[in-house]
Amino acid sequence: MNRTDFEFFLQTQEKKHVIFDFDETITKLLVDWSYWRNDMRKKIIEINYQVEKEHYSGNELVPVALEILDSAKKHAELYIWSSNDKRTIEPIVKELNVDTLFDKIVSRNDVTYIKPNPNGFDLI
């Protein structure tokens, strides 16, 4: 959109307030965020795991889950893609005796961005 189009849009739509993003709209900040992203990801994973660990009080198997898993395994490879920590998931799937049904478990530990980001699909 050029300046003329933008002015026309503002006038015809009678806009009285306009909000602009800063980075990559007004200017492009040249910041290397890679170290921060990696450090923060590790910290967030640990914080989430501590919450799951400290507040976990058990689990309730969804009644139809075993039937669906058994049926699905006859026809396809099965995966878990979860925003939970792998250290929470793995003992529970073993306890439920369904760990051998899954070809791969993708958890928050494995992805850079959790759901709804599609990053987990890349790992599956």
# chains A, B, ... in the order shown; residues from 1 in each chain; ligands from 1

call {"tool": "residues_around", "arguments": {"residues": "Asn59 of chain A", "least_positions_apart": "3", "cutoff": "12 Å", "atoms": "only C-alpha atoms", "output": "list in words"}}
result
Glu52, His55, Tyr56, Val62, Thr88, Ile89, Pro91, Ile92, Val93, Glu95 and Leu96 of chain A

call {"tool": "select_by_dssp", "arguments": {"residues": "chain A", "states": "strand (DSSP E or B)", "output": "mmCIF file with N, CA and C atoms, in the first residue's frame"}}
result
data_model
loop_
_atom_site.group_PDB
_atom_site.id
_atom_site.type_symbol
_atom_site.label_atom_id
_atom_site.label_comp_id
_atom_site.auth_asym_id
_atom_site.auth_seq_id
_atom_site.Cartn_x
_atom_site.Cartn_y
_atom_site.Cartn_z
ATOM 1 N N ASP A 23 8.755 -2.952 15.405
ATOM 2 C CA ASP A 23 9.801 -3.721 14.737
ATOM 3 C C ASP A 23 9.275 -4.310 13.428
ATOM 4 N N THR A 27 10.683 0.365 11.832
ATOM 5 C CA THR A 27 12.103 0.096 11.628
ATOM 6 C C THR A 27 12.328 -1.390 11.805
ATOM 7 N N LEU A 78 1.187 -44.238 14.937
ATOM 8 C CA LEU A 78 0.568 -43.344 15.909
ATOM 9 C C LEU A 78 1.613 -42.455 16.569
ATOM 10 N N TYR A 79 1.194 -41.235 16.868
ATOM 11 C CA TYR A 79 2.071 -40.249 17.484
ATOM 12 C C TYR A 79 1.321 -39.521 18.588
ATOM 13 N N ILE A 80 2.074 -39.008 19.524
ATOM 14 C CA ILE A 80 1.541 -38.046 20.483
ATOM 15 C C ILE A 80 2.250 -36.740 20.194
ATOM 16 N N TRP A 81 1.479 -35.669 20.119
ATOM 17 C CA TRP A 81 2.043 -34.323 19.996
ATOM 18 C C TRP A 81 1.400 -33.503 21.098
ATOM 19 N N PHE A 102 2.925 -46.088 20.292
ATOM 20 C CA PHE A 102 3.303 -44.831 19.635
ATOM 21 C C PHE A 102 4.676 -44.929 18.983
ATOM 22 N N ASP A 103 4.712 -44.467 17.738
ATOM 23 C CA ASP A 103 5.972 -44.466 16.998
ATOM 24 C C ASP A 103 6.869 -43.316 17.417
ATOM 25 N N LYS A 104 6.249 -42.252 17.901
ATOM 26 C CA LYS A 104 7.020 -41.099 18.355
ATOM 27 C C LYS A 104 6.156 -40.225 19.256
ATOM 28 N N ILE A 105 6.809 -39.645 20.252
ATOM 29 C CA ILE A 105 6.154 -38.668 21.112
ATOM 30 C C ILE A 105 6.875 -37.344 20.928
ATOM 31 N N VAL A 106 6.131 -36.338 20.524
ATOM 32 C CA VAL A 106 6.675 -34.995 20.372
ATOM 33 C C VAL A 106 6.069 -34.148 21.487
#

call {"tool": "select_by_dssp", "arguments": {"residues": "chain A", "states": "helix (DSSP H, G or I)", "output": "number ranges by chain"}}
result
A: 3-12, 34-55, 65-73, 86-95, 99-101, 119-123

call {"tool": "closest_residue", "arguments": {"among": "A:Glu14, A:Glu90, A:Asp110, A:Glu77", "to": "Ile45 of chain A", "atoms": "only C-alpha atoms"}}
result
A:Asp110

call {"tool": "atom_distance", "arguments": {"atom1": "atom CA of Leu10 of chain A", "atom2": "atom CA of Leu29 of chain A"}}
result
27.4 Å

call {"tool": "residues_around", "arguments": {"residues": "segment 111-122 of chain A", "least_positions_apart": "6", "cutoff": "8 Å", "atoms": "only C-alpha atoms", "output": "short mmCIF file (atom, residue, chain, number, x, y, z; two decimals) with N, CA and C atoms, in the first residue's frame"}}
result
data_model
loop_
_atom_site.label_atom_id
_atom_site.label_comp_id
_atom_site.auth_asym_id
_atom_site.auth_seq_id
_atom_site.Cartn_x
_atom_site.Cartn_y
_atom_site.Cartn_z
N ARG A 41 13.73 -20.62 26.37
CA ARG A 41 13.03 -21.87 26.08
C ARG A 41 13.35 -22.90 27.17
N TRP A 81 1.48 -35.67 20.12
CA TRP A 81 2.04 -34.32 20.00
C TRP A 81 1.40 -33.50 21.10
N SER A 82 2.19 -33.14 22.10
CA SER A 82 1.64 -32.51 23.29
C SER A 82 2.44 -31.29 23.70
N SER A 83 1.76 -30.36 24.34
CA SER A 83 2.43 -29.21 24.93
C SER A 83 2.89 -29.50 26.35
#

call {"tool": "closest_residue", "arguments": {"among": "A:Arg37, A:Arg108, A:Lys74, A:Lys42", "to": "Leu123 of chain A", "atoms": "only C-alpha atoms"}}
result
A:Arg108

call {"tool": "atom_distance", "arguments": {"atom1": "atom CA of Gln13 of chain A", "atom2": "atom CA of Thr25 of chain A"}}
result
21.5 Å

call {"tool": "closest_residue", "arguments": {"among": "A:Asn38, A:Phe22, A:Leu101, A:Asn48", "to": "Ala72 of chain A", "atoms": "only C-alpha atoms"}}
result
A:Leu101

call {"tool": "atom_distance", "arguments": {"atom1": "atom CA of Lys86 of chain A", "atom2": "atom CA of Lys53 of chain A"}}
result
11.5 Å

call {"tool": "decode", "arguments": {"residues": "chain A", "atoms": "C-alpha atoms", "output": "PDB file, in the first residue's frame"}}
result
ATOM      1  CA  MET A   1       0.000   0.000   0.000  1.00  0.00           C
ATOM      2  CA  ASN A   2       1.384   3.420  -0.864  1.00  0.00           C
ATOM      3  CA  ARG A   3       0.843   6.739   0.891  1.00  0.00           C
ATOM      4  CA  THR A   4      -2.052   7.835  -1.338  1.00  0.00           C
ATOM      5  CA  ASP A   5      -3.890   4.538  -0.883  1.00  0.00           C
ATOM      6  CA  PHE A   6      -3.335   4.709   2.864  1.00  0.00           C
ATOM      7  CA  GLU A   7      -4.666   8.267   3.129  1.00  0.00           C
ATOM      8  CA  PHE A   8      -7.677   7.322   1.020  1.00  0.00           C
ATOM      9  CA  PHE A   9      -8.330   4.329   3.281  1.00  0.00           C
ATOM     10  CA  LEU A  10      -8.160   6.501   6.409  1.00  0.00           C
ATOM     11  CA  GLN A  11     -10.517   9.095   4.967  1.00  0.00           C
ATOM     12  CA  THR A  12     -13.095   6.707   3.505  1.00  0.00           C
ATOM     13  CA  GLN A  13     -13.165   4.471   6.576  1.00  0.00           C
ATOM     14  CA  GLU A  14     -13.204   7.468   8.921  1.00  0.00           C
ATOM     15  CA  LYS A  15     -10.428   6.041  11.057  1.00  0.00           C
ATOM     16  CA  LYS A  16      -9.556   8.167  14.074  1.00  0.00           C
ATOM     17  CA  HIS A  17      -6.927   5.899  15.617  1.00  0.00           C
ATOM     18  CA  VAL A  18      -4.158   3.962  13.888  1.00  0.00           C
ATOM     19  CA  ILE A  19      -1.816   1.561  15.662  1.00  0.00           C
ATOM     20  CA  PHE A  20       1.510   0.585  14.158  1.00  0.00           C
ATOM     21  CA  ASP A  21       3.786  -2.248  15.126  1.00  0.00           C
ATOM     22  CA  PHE A  22       7.324  -1.019  15.748  1.00  0.00           C
ATOM     23  CA  ASP A  23       9.801  -3.721  14.737  1.00  0.00           C
ATOM     24  CA  GLU A  24       9.661  -4.441  10.990  1.00  0.00           C
ATOM     25  CA  THR A  25       6.991  -1.785  10.427  1.00  0.00           C
ATOM     26  CA  ILE A  26       8.580   1.474  11.547  1.00  0.00           C
ATOM     27  CA  THR A  27      12.103   0.096  11.628  1.00  0.00           C
ATOM     28  CA  LYS A  28      13.817  -3.268  11.644  1.00  0.00           C
ATOM     29  CA  LEU A  29      15.675  -3.938  14.874  1.00  0.00           C
ATOM     30  CA  LEU A  30      18.947  -5.722  14.269  1.00  0.00           C
ATOM     31  CA  VAL A  31      19.088  -7.834  17.409  1.00  0.00           C
ATOM     32  CA  ASP A  32      20.484 -11.344  17.736  1.00  0.00           C
ATOM     33  CA  TRP A  33      17.795 -13.003  19.818  1.00  0.00           C
ATOM     34  CA  SER A  34      19.111 -16.556  19.360  1.00  0.00           C
ATOM     35  CA  TYR A  35      20.883 -16.787  22.723  1.00  0.00           C
ATOM     36  CA  TRP A  36      17.847 -15.353  24.529  1.00  0.00           C
ATOM     37  CA  ARG A  37      15.418 -17.639  22.746  1.00  0.00           C
ATOM     38  CA  ASN A  38      17.452 -20.740  23.642  1.00  0.00           C
ATOM     39  CA  ASP A  39      17.930 -19.707  27.287  1.00  0.00           C
ATOM     40  CA  MET A  40      14.294 -18.689  27.735  1.00  0.00           C
ATOM     41  CA  ARG A  41      13.034 -21.874  26.079  1.00  0.00           C
ATOM     42  CA  LYS A  42      15.021 -23.968  28.572  1.00  0.00           C
ATOM     43  CA  LYS A  43      13.736 -21.893  31.497  1.00  0.00           C
ATOM     44  CA  ILE A  44      10.123 -22.093  30.326  1.00  0.00           C
ATOM     45  CA  ILE A  45      10.371 -25.857  29.884  1.00  0.00           C
ATOM     46  CA  GLU A  46      11.706 -26.209  33.425  1.00  0.00           C
ATOM     47  CA  ILE A  47       9.059 -23.927  34.930  1.00  0.00           C
ATOM     48  CA  ASN A  48       6.254 -25.813  33.174  1.00  0.00           C
ATOM     49  CA  TYR A  49       7.659 -29.163  34.239  1.00  0.00           C
ATOM     50  CA  GLN A  50       7.896 -28.039  37.851  1.00  0.00           C
ATOM     51  CA  VAL A  51       4.232 -26.996  37.755  1.00  0.00           C
ATOM     52  CA  GLU A  52       3.219 -30.338  36.237  1.00  0.00           C
ATOM     53  CA  LYS A  53       5.381 -32.247  38.736  1.00  0.00           C
ATOM     54  CA  GLU A  54       4.357 -30.326  41.857  1.00  0.00           C
ATOM     55  CA  HIS A  55       0.649 -30.148  41.094  1.00  0.00           C
ATOM     56  CA  TYR A  56       0.124 -33.531  39.429  1.00  0.00           C
ATOM     57  CA  SER A  57      -2.397 -35.618  41.350  1.00  0.00           C
ATOM     58  CA  GLY A  58      -2.991 -38.482  38.942  1.00  0.00           C
ATOM     59  CA  ASN A  59      -4.620 -39.119  35.605  1.00  0.00           C
ATOM     60  CA  GLU A  60      -7.901 -40.444  34.301  1.00  0.00           C
ATOM     61  CA  LEU A  61      -7.848 -42.505  31.150  1.00  0.00           C
ATOM     62  CA  VAL A  62     -10.396 -41.291  28.621  1.00  0.00           C
ATOM     63  CA  PRO A  63     -12.756 -44.321  28.433  1.00  0.00           C
ATOM     64  CA  VAL A  64     -12.746 -44.803  24.672  1.00  0.00           C
ATOM     65  CA  ALA A  65      -9.034 -44.032  24.227  1.00  0.00           C
ATOM     66  CA  LEU A  66      -7.737 -47.621  24.412  1.00  0.00           C
ATOM     67  CA  GLU A  67     -10.280 -48.870  21.881  1.00  0.00           C
ATOM     68  CA  ILE A  68      -9.433 -46.057  19.477  1.00  0.00           C
ATOM     69  CA  LEU A  69      -5.678 -46.540  19.918  1.00  0.00           C
ATOM     70  CA  ASP A  70      -5.902 -50.305  19.311  1.00  0.00           C
ATOM     71  CA  SER A  71      -8.024 -49.771  16.224  1.00  0.00           C
ATOM     72  CA  ALA A  72      -5.844 -46.977  14.858  1.00  0.00           C
ATOM     73  CA  LYS A  73      -2.620 -48.960  15.391  1.00  0.00           C
ATOM     74  CA  LYS A  74      -3.913 -51.662  13.031  1.00  0.00           C
ATOM     75  CA  HIS A  75      -4.024 -49.133  10.196  1.00  0.00           C
ATOM     76  CA  ALA A  76      -1.512 -46.364  10.865  1.00  0.00           C
ATOM     77  CA  GLU A  77       1.533 -45.170  12.724  1.00  0.00           C
ATOM     78  CA  LEU A  78       0.568 -43.344  15.909  1.00  0.00           C
ATOM     79  CA  TYR A  79       2.071 -40.249  17.484  1.00  0.00           C
ATOM     80  CA  ILE A  80       1.541 -38.046  20.483  1.00  0.00           C
ATOM     81  CA  TRP A  81       2.043 -34.323  19.996  1.00  0.00           C
ATOM     82  CA  SER A  82       1.641 -32.515  23.289  1.00  0.00           C
ATOM     83  CA  SER A  83       2.426 -29.209  24.928  1.00  0.00           C
ATOM     84  CA  ASN A  84       3.160 -31.129  28.110  1.00  0.00           C
ATOM     85  CA  ASP A  85       6.687 -31.971  29.216  1.00  0.00           C
ATOM     86  CA  LYS A  86       8.122 -35.274  27.994  1.00  0.00           C
ATOM     87  CA  ARG A  87       9.025 -36.125  31.615  1.00  0.00           C
ATOM     88  CA  THR A  88       5.331 -35.942  32.455  1.00  0.00           C
ATOM     89  CA  ILE A  89       4.103 -37.824  29.393  1.00  0.00           C
ATOM     90  CA  GLU A  90       6.462 -40.814  29.260  1.00  0.00           C
ATOM     91  CA  PRO A  91       5.795 -42.298  32.718  1.00  0.00           C
ATOM     92  CA  ILE A  92       2.043 -41.989  32.225  1.00  0.00           C
ATOM     93  CA  VAL A  93       1.958 -43.710  28.828  1.00  0.00           C
ATOM     94  CA  LYS A  94       4.081 -46.498  30.350  1.00  0.00           C
ATOM     95  CA  GLU A  95       1.735 -46.744  33.346  1.00  0.00           C
ATOM     96  CA  LEU A  96      -1.211 -47.041  30.956  1.00  0.00           C
ATOM     97  CA  ASN A  97       0.661 -49.696  28.931  1.00  0.00           C
ATOM     98  CA  VAL A  98       0.228 -47.744  25.702  1.00  0.00           C
ATOM     99  CA  ASP A  99       3.843 -46.647  25.241  1.00  0.00           C
ATOM    100  CA  THR A 100       4.532 -49.330  22.627  1.00  0.00           C
ATOM    101  CA  LEU A 101       1.624 -48.119  20.489  1.00  0.00           C
ATOM    102  CA  PHE A 102       3.303 -44.831  19.635  1.00  0.00           C
ATOM    103  CA  ASP A 103       5.972 -44.466  16.998  1.00  0.00           C
ATOM    104  CA  LYS A 104       7.020 -41.099  18.355  1.00  0.00           C
ATOM    105  CA  ILE A 105       6.154 -38.668  21.112  1.00  0.00           C
ATOM    106  CA  VAL A 106       6.675 -34.995  20.372  1.00  0.00           C
ATOM    107  CA  SER A 107       6.466 -32.764  23.425  1.00  0.00           C
ATOM    108  CA  ARG A 108       7.150 -29.158  24.373  1.00  0.00           C
ATOM    109  CA  ASN A 109      10.775 -30.227  24.948  1.00  0.00           C
ATOM    110  CA  ASP A 110      11.183 -31.043  21.259  1.00  0.00           C
ATOM    111  CA  VAL A 111       9.764 -27.962  19.574  1.00  0.00           C
ATOM    112  CA  THR A 112      10.818 -24.348  19.487  1.00  0.00           C
ATOM    113  CA  TYR A 113       7.232 -23.100  19.554  1.00  0.00           C
ATOM    114  CA  ILE A 114       4.348 -25.001  21.181  1.00  0.00           C
ATOM    115  CA  LYS A 115       0.912 -25.511  19.684  1.00  0.00           C
ATOM    116  CA  PRO A 116      -0.836 -23.990  17.869  1.00  0.00           C
ATOM    117  CA  ASN A 117       2.441 -23.422  16.013  1.00  0.00           C
ATOM    118  CA  PRO A 118       2.802 -26.306  13.525  1.00  0.00           C
ATOM    119  CA  ASN A 119       6.453 -26.938  14.508  1.00  0.00           C
ATOM    120  CA  GLY A 120       5.502 -30.376  15.887  1.00  0.00           C
ATOM    121  CA  PHE A 121       4.368 -31.553  12.444  1.00  0.00           C
ATOM    122  CA  ASP A 122       7.938 -31.123  11.197  1.00  0.00           C
ATOM    123  CA  LEU A 123       9.182 -33.586  13.812  1.00  0.00           C
ATOM    124  CA  ILE A 124       6.486 -36.134  13.087  1.00  0.00           C
TER     125      ILE A 124
END
